[in-house]
Structure formats: structure tokens, C-alpha cells
file target07.txt (compact mmCIF, C-alpha atoms and all ligand atoms)
# COMPACT_ATOMS: atom_id res chain seq x y z
CA MET A 133 88.06 -134.90 -1.28
CA ALA A 134 88.30 -134.76 2.50
CA ILE A 135 91.17 -136.02 4.63
CA ILE A 136 90.02 -139.12 6.55
CA ALA A 137 91.22 -139.58 10.13
CA PRO A 138 90.12 -142.86 11.77
CA SER A 139 89.88 -142.49 15.56
CA ILE A 140 91.81 -145.24 17.33
CA LEU A 141 89.50 -144.86 20.36
CA ALA A 142 87.19 -147.33 18.62
CA ALA A 143 89.94 -149.81 17.67
CA ASP A 144 90.52 -153.19 19.29
CA PHE A 145 93.17 -152.42 21.96
CA GLY A 146 93.89 -156.12 22.34
CA ASN A 147 94.84 -156.23 18.70
CA LEU A 148 96.02 -152.71 18.04
CA ALA A 149 98.76 -153.64 15.57
CA LYS A 150 96.18 -155.24 13.28
CA ASP A 151 93.97 -152.14 13.28
CA ILE A 152 96.98 -149.90 12.66
CA GLU A 153 97.93 -152.08 9.70
CA MET A 154 94.36 -151.77 8.36
CA VAL A 155 94.60 -147.96 8.47
CA ASN A 156 98.10 -148.09 6.94
CA ASN A 157 96.71 -150.03 3.97
CA SER A 158 93.65 -147.78 3.59
CA GLN A 159 93.04 -144.43 1.92
CA ALA A 160 93.03 -142.65 5.30
CA GLU A 161 95.72 -139.98 5.56
CA TRP A 162 95.77 -139.44 9.33
CA PHE A 163 95.48 -141.33 12.61
CA HIS A 164 93.21 -139.44 15.04
CA LEU A 165 94.41 -140.00 18.61
CA ASP A 166 92.12 -138.98 21.50
CA VAL A 167 93.83 -138.24 24.81
CA MET A 168 91.40 -137.84 27.75
CA ASP A 169 92.35 -137.03 31.34
CA GLY A 170 89.19 -137.77 33.33
CA VAL A 171 89.05 -134.09 34.38
CA PHE A 172 88.33 -132.06 31.25
CA VAL A 173 86.10 -134.92 30.10
CA PRO A 174 84.45 -137.67 32.19
CA ASN A 175 86.59 -140.43 30.68
CA ILE A 176 90.24 -141.56 30.60
CA SER A 177 91.63 -142.98 27.35
CA TYR A 178 95.36 -143.44 26.71
CA GLY A 179 98.54 -141.39 26.59
CA MET A 180 102.12 -141.14 25.40
CA PRO A 181 103.18 -144.83 25.33
CA ILE A 182 100.34 -145.78 22.97
CA ILE A 183 101.02 -142.81 20.68
CA GLU A 184 104.74 -143.61 20.64
CA LYS A 185 103.96 -147.21 19.64
CA ILE A 186 101.56 -146.15 16.87
CA ASN A 187 104.23 -143.75 15.59
CA SER A 188 106.67 -146.64 15.31
CA LEU A 189 104.15 -148.61 13.22
CA THR A 190 103.11 -145.96 10.68
CA ASP A 191 104.34 -143.19 8.40
CA LYS A 192 100.93 -141.48 8.39
CA VAL A 193 100.19 -138.17 10.08
CA LEU A 194 99.47 -138.38 13.82
CA ASP A 195 96.59 -136.02 14.63
CA VAL A 196 96.47 -135.76 18.42
CA HIS A 197 93.28 -134.41 20.07
CA LEU A 198 93.97 -133.41 23.66
CA MET A 199 90.93 -133.43 25.95
CA ILE A 200 92.96 -132.45 29.00
CA VAL A 201 93.17 -129.46 31.33
CA ASP A 202 96.23 -127.21 31.13
CA PRO A 203 97.69 -128.88 28.00
CA ASP A 204 100.79 -126.62 28.04
CA ARG A 205 102.35 -129.04 30.55
CA TYR A 206 102.68 -131.78 27.93
CA ILE A 207 103.34 -130.05 24.58
CA ALA A 208 107.01 -131.10 24.41
CA ASP A 209 106.14 -134.67 25.45
CA PHE A 210 103.62 -135.09 22.63
CA LYS A 211 106.21 -133.84 20.14
CA LYS A 212 108.68 -136.44 21.49
CA VAL A 213 106.25 -139.33 20.92
CA GLY A 214 105.56 -138.29 17.34
CA ALA A 215 102.55 -135.93 17.19
CA ASP A 216 102.39 -134.02 13.90
CA ILE A 217 99.26 -132.02 14.70
CA LEU A 218 98.48 -131.08 18.31
CA THR A 219 94.95 -129.86 19.03
CA VAL A 220 93.97 -128.35 22.37
CA HIS A 221 90.51 -127.35 23.56
CA TYR A 222 89.62 -123.65 23.62
CA GLU A 223 87.74 -124.37 26.87
CA ALA A 224 90.88 -125.82 28.52
CA CYS A 225 93.25 -122.92 27.80
CA THR A 226 93.54 -119.67 29.73
CA HIS A 227 96.22 -118.24 27.45
CA LEU A 228 95.28 -119.79 24.13
CA HIS A 229 97.55 -117.59 22.00
CA ARG A 230 100.56 -118.59 24.10
CA THR A 231 99.62 -122.28 23.85
CA ILE A 232 99.33 -122.06 20.05
CA GLN A 233 102.78 -120.43 19.82
CA ALA A 234 104.27 -123.12 22.08
CA ILE A 235 102.89 -125.92 19.87
CA LYS A 236 104.32 -124.27 16.75
CA ALA A 237 107.67 -123.65 18.47
CA GLU A 238 107.95 -127.43 18.92
CA GLY A 239 107.52 -127.85 15.14
CA MET A 240 103.97 -129.23 15.21
CA LYS A 241 100.86 -127.93 13.49
CA ALA A 242 98.57 -126.18 15.97
CA GLY A 243 94.87 -126.94 16.27
CA VAL A 244 92.08 -125.68 18.51
CA ALA A 245 88.94 -127.72 19.26
CA LEU A 246 85.56 -126.20 20.11
CA ASN A 247 82.90 -127.92 22.22
CA PRO A 248 79.37 -127.95 20.75
CA HIS A 249 78.30 -124.94 22.87
CA THR A 250 81.31 -122.76 21.99
CA PRO A 251 80.73 -120.36 19.08
CA VAL A 252 83.33 -120.19 16.30
CA SER A 253 83.56 -116.40 16.85
CA VAL A 254 85.86 -116.96 19.88
CA LEU A 255 88.63 -117.81 17.40
CA GLU A 256 88.40 -114.58 15.36
CA ASP A 257 91.56 -113.08 16.83
CA VAL A 258 93.73 -116.19 16.51
CA ILE A 259 92.44 -117.60 13.23
CA ASN A 260 95.55 -116.48 11.28
CA ASP A 261 97.79 -118.25 13.84
CA LEU A 262 96.07 -121.62 13.49
CA ASP A 263 96.68 -124.61 11.22
CA LEU A 264 93.47 -126.44 12.16
CA VAL A 265 90.12 -125.95 13.89
CA LEU A 266 88.37 -129.05 15.18
CA ILE A 267 84.61 -128.70 15.54
CA MET A 268 83.22 -131.20 18.03
CA SER A 269 79.97 -132.60 16.65
CA VAL A 270 79.33 -134.49 19.93
CA ASN A 271 80.20 -133.59 23.51
CA PRO A 272 83.80 -134.78 23.98
CA GLY A 273 84.63 -137.83 26.08
CA PHE A 274 83.16 -140.83 24.32
CA GLY A 275 82.95 -142.46 20.92
CA GLY A 276 79.74 -143.71 19.38
CA GLN A 277 77.54 -140.68 20.19
CA LYS A 278 74.86 -139.07 18.05
CA PHE A 279 75.92 -136.30 15.66
CA ILE A 280 74.68 -132.80 16.61
CA GLU A 281 72.88 -131.26 13.60
CA ASN A 282 73.86 -127.64 14.43
CA THR A 283 77.40 -128.60 13.34
CA TYR A 284 76.65 -127.78 9.67
CA ASN A 285 75.81 -124.23 10.70
CA LYS A 286 79.05 -123.90 12.67
CA VAL A 287 81.14 -125.26 9.80
CA SER A 288 79.64 -122.72 7.37
CA LYS A 289 80.30 -119.85 9.79
CA LEU A 290 83.89 -120.99 10.38
CA LYS A 291 84.50 -121.38 6.65
CA GLN A 292 83.30 -117.81 6.12
CA MET A 293 85.53 -116.52 8.92
CA ILE A 294 88.58 -118.26 7.45
CA THR A 295 87.87 -116.93 3.94
CA GLU A 296 87.35 -113.36 5.17
CA ALA A 297 90.61 -113.51 7.17
CA GLY A 298 92.53 -114.95 4.19
CA ALA A 299 93.70 -117.70 6.56
CA ASP A 300 94.93 -121.19 5.65
CA VAL A 301 93.18 -123.41 8.20
CA ILE A 302 91.96 -127.00 8.01
CA ILE A 303 88.39 -127.53 9.27
CA GLU A 304 88.11 -130.93 10.98
CA ILE A 305 84.87 -132.49 12.26
CA ASP A 306 84.85 -134.98 15.12
CA GLY A 307 82.02 -137.09 16.54
CA GLY A 308 79.24 -139.15 15.03
CA VAL A 309 80.67 -138.81 11.52
CA GLY A 310 80.00 -141.44 8.86
CA VAL A 311 78.88 -141.86 5.25
CA GLN A 312 75.41 -140.56 6.24
CA ASN A 313 76.67 -137.00 6.92
CA ALA A 314 80.10 -136.79 5.22
CA THR A 315 78.88 -135.20 1.97
CA GLN A 316 76.84 -132.51 3.74
CA LEU A 317 79.80 -131.70 6.01
CA ILE A 318 82.14 -131.33 3.04
CA GLU A 319 79.60 -129.13 1.26
CA ALA A 320 79.47 -126.91 4.37
CA GLY A 321 83.28 -126.54 4.27
CA ALA A 322 84.84 -129.47 6.14
CA ASP A 323 88.35 -130.51 5.04
CA ALA A 324 88.99 -133.43 7.41
CA LEU A 325 86.63 -136.01 8.90
CA VAL A 326 87.29 -138.04 12.06
CA ALA A 327 85.44 -141.36 12.23
CA GLY A 328 85.83 -143.86 15.03
CA SER A 329 82.95 -146.25 15.58
CA ALA A 330 81.67 -145.89 11.99
CA VAL A 331 85.01 -147.18 10.65
CA PHE A 332 85.91 -149.81 13.26
CA ASN A 333 82.39 -151.24 13.58
CA ALA A 334 82.01 -151.51 9.81
CA GLU A 335 81.96 -154.98 8.30
CA ASN A 336 84.84 -153.93 6.05
CA PRO A 337 86.69 -150.93 7.59
CA THR A 338 88.99 -150.47 4.57
CA GLU A 339 86.00 -150.22 2.22
CA TYR A 340 84.22 -147.92 4.66
CA ILE A 341 87.21 -145.54 4.62
CA ALA A 342 87.12 -145.65 0.80
CA ALA A 343 83.42 -144.77 0.88
CA LEU A 344 84.12 -141.79 3.18
CA LYS A 345 86.89 -140.72 0.83
CA LYS A 346 84.41 -140.74 -2.08
CA ALA A 347 81.90 -138.48 -0.25
O1 LIG B 401 87.08 -136.92 20.29
C1 LIG B 401 86.36 -137.89 20.32
C2 LIG B 401 85.45 -138.11 21.48
O2 LIG B 401 85.59 -137.12 22.40
C3 LIG B 401 86.44 -138.93 19.23
O3 LIG B 401 87.42 -138.54 18.28
C4 LIG B 401 85.11 -139.10 18.53
O4 LIG B 401 84.09 -139.31 19.42
C5 LIG B 401 85.19 -140.20 17.48
O5 LIG B 401 84.34 -141.25 17.76
P1 LIG B 401 83.00 -141.55 16.95
O6 LIG B 401 83.35 -141.43 15.47
O7 LIG B 401 82.68 -142.94 17.36
O8 LIG B 401 81.98 -140.54 17.35
FE FE B 402 88.70 -136.68 18.83
call {"tool": "encode", "arguments": {"input": "target07.txt", "output": "C-alpha cells"}}
result
Amino acid sequence: MAIIAPSILAADFGNLAKDIEMVNNSQAEWFHLDVMDGVFVPNISYGMPIIEKINSLTDKVLDVHLMIVDPDRYIADFKKVGADILTVHYEACTHLHRTIQAIKAEGMKAGVALNPHTPVSVLEDVINDLDLVLIMSVNPGFGGQKFIENTYNKVSKLKQMITEAGADVIIEIDGGVGVQNATQLIEAGADALVAGSAVFNAENPTEYIAALKKA
């Protein structure tokens, strides 16, 4: 069974407490929190105050996905507001190994995200240092986009790399995920599924999370 991580990007920001309560009472294990800076991606989302508030309203894992340039500047700040997993983009880091060590030194789990065009092979030499790899199945920046089919291929390759390295790494998929592709993603090797619009636009989000959990 996969870990389910609803993305708050698709929640009702005018009624955030209600959506947080829904996730709290669902089978989802994580909150997926998308931080965008308008530079690394062409969109700006939210930052520390929102994450801090969510942390005060839940005991679930806070899975923070940073779509920002030079993320090293803010590692300690995200720890302070309650991040449990901190994921940076491979494409945004010049000294990725150093960044991973800095995240772990703060006591968080370290993740690296890959854009759709970035091959999984770039992580070969850090795979044993990682707790999580996030495969973007859309171009980062917006919710509600169409799933890129080549993702299955990338997940299989990453799974093989992890097995060969004897590493203990969670494979997370983000973008355009829903009940229509969850089973195939899990069969390819996915351990955690992010779902934003599919969950929050569902008629019954709690039941939708349960359906994803069953995939
Ligand atoms: O990182 C993201 C976008 O950059 C979001 O986590 C992702 O897009 C989730 O939204 P949806 O499930 O609607 O595709
Ligand atoms: Fe995300």
C-alpha cells in the first residue's frame, strides 16, 4: 500500500482549517506542501507561516517540496516551522551532496526532486545518502496538469538503481496522480503518491483518499 500525500496547493485557502481536518481524519499519512518562489518555477505559492500553521493543526508528517532556487538559504527555517521531510530540486542545487547533508544535520529526512527531463541516473552517486526521491510527473509550478506517461519508465529505472545500490529510499510521484494511474505507478515501484486536484476536487475527498490507498 502506498503512502498518500494530499497536496494542499489544491485546498481551499479561505477554509484551510476545514481541509486540514479532512486530511487528519483520512487515511492519508502525509501533508504535501509545495513552496514555489516565482523564479525556479513560474508561480508563487506560500511559505513558512502557512506551514507553521498546518503543523500546529496536525500530527501527520509534513512533506515539504521546495521549488525554489538556492534552497540552502532556508533549510533551518523549514525545520523550525515543522518540516519532517525536506525535498529540494536537483536542478536548483549546485552542491547537491552538501545540501543533502545540511538537511539531515537539521534532523529532517532529505529528498531530491527530478524534473520530467532529468534522468534518474544523475542521482547514482548520492542515492545511498537520500531518504526520498520525488519524480515529477508534470512540469513543476502548477496543480491540475496532465500526467506525463514516461514517468512509469523513470520509476522502474529508479527502483532498479535503488535495489542495486542496496539503498533505503522512498520513491514519491508528484503531478497528475489519481485513481486512474495509482496502481500502475505502484506496480512500477512507487512508494508514495502526491495528489492535489484529484483529492480536493473529488465529490468526497476522504473516500477518494481511501480509494487511492486501496490501489
Ligand atoms: O509540485 C506540484 C506542482 O509543481 C504539486 O505537488 C502537484 O502538481 C500536485 O498537484 P496535482 O495533483 O493537481 O497535479
Ligand atoms: Fe509537489
call {"tool": "closest_residue", "arguments": {"input": "target07.txt", "among": "A:Asp191, A:Ala237, A:Asp306, A:Cys225", "to": "Phe274 (chain A)", "atoms": "only C-alpha atoms"}}
result
A:Asp306
call {"tool": "residues_near_ligand", "arguments": {"input": "target07.txt", "ligand": "ligand FE 402 (chain B)", "cutoff": "10 Å", "atoms": "all atoms listed in the file", "output": "short mmCIF file (atom, residue, chain, number, x, y, z; two decimals) with C-alpha atoms, keeping the file's coordinate frame"}}
result
data_model
loop_
_atom_site.label_atom_id
_atom_site.label_comp_id
_atom_site.auth_asym_id
_atom_site.auth_seq_id
_atom_site.Cartn_x
_atom_site.Cartn_y
_atom_site.Cartn_z
CA ALA A 137 91.22 -139.58 10.13
CA PRO A 138 90.12 -142.86 11.77
CA SER A 139 89.88 -142.49 15.56
CA ILE A 140 91.81 -145.24 17.33
CA LEU A 141 89.50 -144.86 20.36
CA HIS A 164 93.21 -139.44 15.04
CA LEU A 165 94.41 -140.00 18.61
CA ASP A 166 92.12 -138.98 21.50
CA VAL A 167 93.83 -138.24 24.81
CA MET A 168 91.40 -137.84 27.75
CA ASP A 195 96.59 -136.02 14.63
CA VAL A 196 96.47 -135.76 18.42
CA HIS A 197 93.28 -134.41 20.07
CA LEU A 198 93.97 -133.41 23.66
CA MET A 199 90.93 -133.43 25.95
CA THR A 219 94.95 -129.86 19.03
CA ALA A 245 88.94 -127.72 19.26
CA LEU A 266 88.37 -129.05 15.18
CA ILE A 267 84.61 -128.70 15.54
CA MET A 268 83.22 -131.20 18.03
CA SER A 269 79.97 -132.60 16.65
CA VAL A 270 79.33 -134.49 19.93
CA PRO A 272 83.80 -134.78 23.98
CA GLY A 273 84.63 -137.83 26.08
CA PHE A 274 83.16 -140.83 24.32
CA GLY A 275 82.95 -142.46 20.92
CA GLU A 304 88.11 -130.93 10.98
CA ILE A 305 84.87 -132.49 12.26
CA ASP A 306 84.85 -134.98 15.12
CA GLY A 307 82.02 -137.09 16.54
CA VAL A 326 87.29 -138.04 12.06
CA ALA A 327 85.44 -141.36 12.23
CA GLY A 328 85.83 -143.86 15.03
#
call {"tool": "closest_residue", "arguments": {"input": "target07.txt", "among": "A:Lys345, A:His221, A:His249, A:Lys286", "to": "ligand LIG 401 (chain B)", "atoms": "all atoms listed in the file"}}
result
A:His221
call {"tool": "residues_around", "arguments": {"input": "target07.txt", "residues": "Phe172 (chain A)", "least_positions_apart": "3", "cutoff": "7 Å", "atoms": "only C-alpha atoms", "output": "list in words"}}
result
Asp169, Met199, Ile200 and Val201 of chain A
call {"tool": "atom_distance", "arguments": {"input": "target07.txt", "atom1": "CA of Phe279 (chain A)", "atom2": "CA of Ala322 (chain A)"}}
result
14.7 Å
call {"tool": "atom_distance", "arguments": {"input": "target07.txt", "atom1": "CA of Met240 (chain A)", "atom2": "CA of Ile341 (chain A)"}}
result
25.7 Å
call {"tool": "residues_near_point", "arguments": {"input": "target07.txt", "point": "(106.4, -133.2, 25.9)", "cutoff": "12 Å", "atoms": "all atoms listed in the file", "output": "number ranges by chain"}}
result
A: 179-180, 184, 203-215, 218, 234-235, 238, 240
call {"tool": "write_last_selection", "arguments": {"input": "target07.txt", "atoms": "C-alpha atoms", "output": "JSON list (two decimals), in the frame of the given file"}}
result
[["chain", "number", "residue", "atom", "x", "y", "z"],
["A", 179, "GLY", "CA", 98.54, -141.39, 26.59],
["A", 180, "MET", "CA", 102.12, -141.14, 25.40],
["A", 184, "GLU", "CA", 104.74, -143.61, 20.64],
["A", 203, "PRO", "CA", 97.69, -128.88, 28.00],
["A", 204, "ASP", "CA", 100.79, -126.62, 28.04],
["A", 205, "ARG", "CA", 102.35, -129.04, 30.55],
["A", 206, "TYR", "CA", 102.68, -131.78, 27.93],
["A", 207, "ILE", "CA", 103.34, -130.05, 24.58],
["A", 208, "ALA", "CA", 107.01, -131.10, 24.41],
["A", 209, "ASP", "CA", 106.14, -134.67, 25.45],
["A", 210, "PHE", "CA", 103.62, -135.09, 22.63],
["A", 211, "LYS", "CA", 106.21, -133.84, 20.14],
["A", 212, "LYS", "CA", 108.68, -136.44, 21.49],
["A", 213, "VAL", "CA", 106.25, -139.33, 20.92],
["A", 214, "GLY", "CA", 105.56, -138.29, 17.34],
["A", 215, "ALA", "CA", 102.55, -135.93, 17.19],
["A", 218, "LEU", "CA", 98.48, -131.08, 18.31],
["A", 234, "ALA", "CA", 104.27, -123.12, 22.08],
["A", 235, "ILE", "CA", 102.89, -125.92, 19.87],
["A", 238, "GLU", "CA", 107.95, -127.43, 18.92],
["A", 240, "MET", "CA", 103.97, -129.23, 15.21]]
call {"tool": "closest_residue", "arguments": {"input": "target07.txt", "among": "A:Lys291, A:Lys278, A:Lys150, A:His229", "to": "ligand LIG 401 (chain B)", "atoms": "only C-alpha atoms and all ligand atoms"}}
result
A:Lys278
call {"tool": "closest_residue", "arguments": {"input": "target07.txt", "among": "A:Ala342, A:Leu255, A:Val309, A:Ala242", "to": "Asn157 (chain A)", "atoms": "all atoms listed in the file"}}
result
A:Ala342
call {"tool": "atom_distance", "arguments": {"input": "target07.txt", "atom1": "CA of Leu344 (chain A)", "atom2": "CA of Val220 (chain A)"}}
result
25.4 Å
call {"tool": "residues_near_point", "arguments": {"input": "target07.txt", "point": "(95.3, -143.3, -0.3)", "cutoff": "12 Å", "atoms": "all atoms listed in the file", "output": "PyMOL selection string"}}
result
chain A and resi 133-137+155-162+192+338-339+341-342+344-346
call {"tool": "write_last_selection", "arguments": {"input": "target07.txt", "atoms": "C-alpha atoms", "output": "PDB file, in the frame of the given file"}}
result
ATOM      1  CA  MET A 133      88.060-134.900  -1.280  1.00  0.00           C
ATOM      2  CA  ALA A 134      88.300-134.760   2.500  1.00  0.00           C
ATOM      3  CA  ILE A 135      91.170-136.020   4.630  1.00  0.00           C
ATOM      4  CA  ILE A 136      90.020-139.120   6.550  1.00  0.00           C
ATOM      5  CA  ALA A 137      91.220-139.580  10.130  1.00  0.00           C
ATOM      6  CA  VAL A 155      94.600-147.960   8.470  1.00  0.00           C
ATOM      7  CA  ASN A 156      98.100-148.090   6.940  1.00  0.00           C
ATOM      8  CA  ASN A 157      96.710-150.030   3.970  1.00  0.00           C
ATOM      9  CA  SER A 158      93.650-147.780   3.590  1.00  0.00           C
ATOM     10  CA  GLN A 159      93.040-144.430   1.920  1.00  0.00           C
ATOM     11  CA  ALA A 160      93.030-142.650   5.300  1.00  0.00           C
ATOM     12  CA  GLU A 161      95.720-139.980   5.560  1.00  0.00           C
ATOM     13  CA  TRP A 162      95.770-139.440   9.330  1.00  0.00           C
ATOM     14  CA  LYS A 192     100.930-141.480   8.390  1.00  0.00           C
ATOM     15  CA  THR A 338      88.990-150.470   4.570  1.00  0.00           C
ATOM     16  CA  GLU A 339      86.000-150.220   2.220  1.00  0.00           C
ATOM     17  CA  ILE A 341      87.210-145.540   4.620  1.00  0.00           C
ATOM     18  CA  ALA A 342      87.120-145.650   0.800  1.00  0.00           C
ATOM     19  CA  LEU A 344      84.120-141.790   3.180  1.00  0.00           C
ATOM     20  CA  LYS A 345      86.890-140.720   0.830  1.00  0.00           C
ATOM     21  CA  LYS A 346      84.410-140.740  -2.080  1.00  0.00           C
TER      22      LYS A 346
END
call {"tool": "residues_around", "arguments": {"input": "target07.txt", "residues": "Asp257 (chain A)", "least_positions_apart": "5", "cutoff": "12 Å", "atoms": "all atoms listed in the file", "output": "count of residues only"}}
result
8
call {"tool": "closest_residue", "arguments": {"input": "target07.txt", "among": "A:Thr283, A:Asn336, A:Gln312, A:Gln277", "to": "ligand LIG 401 (chain B)", "atoms": "only C-alpha atoms and all ligand atoms"}}
result
A:Gln277
call {"tool": "closest_residue", "arguments": {"input": "target07.txt", "among": "A:Val311, A:Leu189, A:Val254, A:Ile182", "to": "Val331 (chain A)", "atoms": "all atoms listed in the file"}}
result
A:Val311
call {"tool": "axis_aligned_box", "arguments": {"input": "target07.txt", "around": "ligand LIG 401 (chain B)", "padding_each_side": "3 Å", "output": "JSON"}}
result
{"center_x": 84.7, "center_y": -139.9, "center_z": 18.9, "size_x": 11.4, "size_y": 12.0, "size_z": 12.9}
call {"tool": "decode", "arguments": {"input": "target07.txt", "residues": "region 287-338 of chain A", "atoms": "C-alpha atoms", "output": "short mmCIF file (atom, residue, chain, number, x, y, z; two decimals), in the first residue's frame"}}
result
data_model
loop_
_atom_site.label_atom_id
_atom_site.label_comp_id
_atom_site.auth_asym_id
_atom_site.auth_seq_id
_atom_site.Cartn_x
_atom_site.Cartn_y
_atom_site.Cartn_z
CA VAL A 287 10.07 4.90 -11.75
CA SER A 288 11.18 1.44 -12.92
CA LYS A 289 14.72 2.68 -13.62
CA LEU A 290 14.93 4.40 -10.23
CA LYS A 291 13.62 1.31 -8.45
CA GLN A 292 16.32 -0.77 -10.13
CA MET A 293 19.01 1.75 -9.16
CA ILE A 294 17.89 1.73 -5.53
CA THR A 295 17.80 -2.09 -5.39
CA GLU A 296 21.25 -2.43 -6.97
CA ALA A 297 22.70 0.12 -4.51
CA GLY A 298 21.05 -1.63 -1.53
CA ALA A 299 19.64 1.79 -0.60
CA ASP A 300 16.57 2.54 1.53
CA VAL A 301 14.83 5.31 -0.43
CA ILE A 302 11.16 6.23 -0.78
CA ILE A 303 10.01 6.81 -4.38
CA GLU A 304 7.38 9.58 -4.47
CA ILE A 305 5.41 10.63 -7.56
CA ASP A 306 4.02 14.15 -7.94
CA GLY A 307 1.72 15.62 -10.58
CA GLY A 308 -1.44 14.44 -12.29
CA VAL A 309 -1.78 11.45 -9.97
CA GLY A 310 -5.18 9.90 -9.25
CA VAL A 311 -7.00 6.57 -9.12
CA GLN A 312 -6.55 6.23 -12.90
CA ASN A 313 -2.75 5.78 -12.67
CA ALA A 314 -2.06 4.89 -8.99
CA THR A 315 -1.99 1.10 -9.47
CA GLN A 316 0.38 1.26 -12.45
CA LEU A 317 2.69 3.62 -10.55
CA ILE A 318 2.81 1.31 -7.54
CA GLU A 319 3.50 -1.67 -9.82
CA ALA A 320 6.42 0.27 -11.33
CA GLY A 321 7.85 0.85 -7.83
CA ALA A 322 6.24 3.97 -6.34
CA ASP A 323 6.00 4.11 -2.53
CA ALA A 324 4.28 7.48 -2.06
CA LEU A 325 1.71 9.30 -4.19
CA VAL A 326 1.04 13.05 -4.12
CA ALA A 327 -2.45 14.06 -5.22
CA GLY A 328 -3.74 17.61 -5.20
CA SER A 329 -6.59 18.39 -7.57
CA ALA A 330 -7.74 14.75 -7.74
CA VAL A 331 -8.33 14.74 -3.96
CA PHE A 332 -9.64 18.27 -3.38
CA ASN A 333 -11.88 18.35 -6.47
CA ALA A 334 -13.40 14.98 -5.62
CA GLU A 335 -17.01 14.90 -4.52
CA ASN A 336 -15.90 13.09 -1.37
CA PRO A 337 -12.16 13.74 -0.71
CA THR A 338 -12.00 11.33 2.25
#
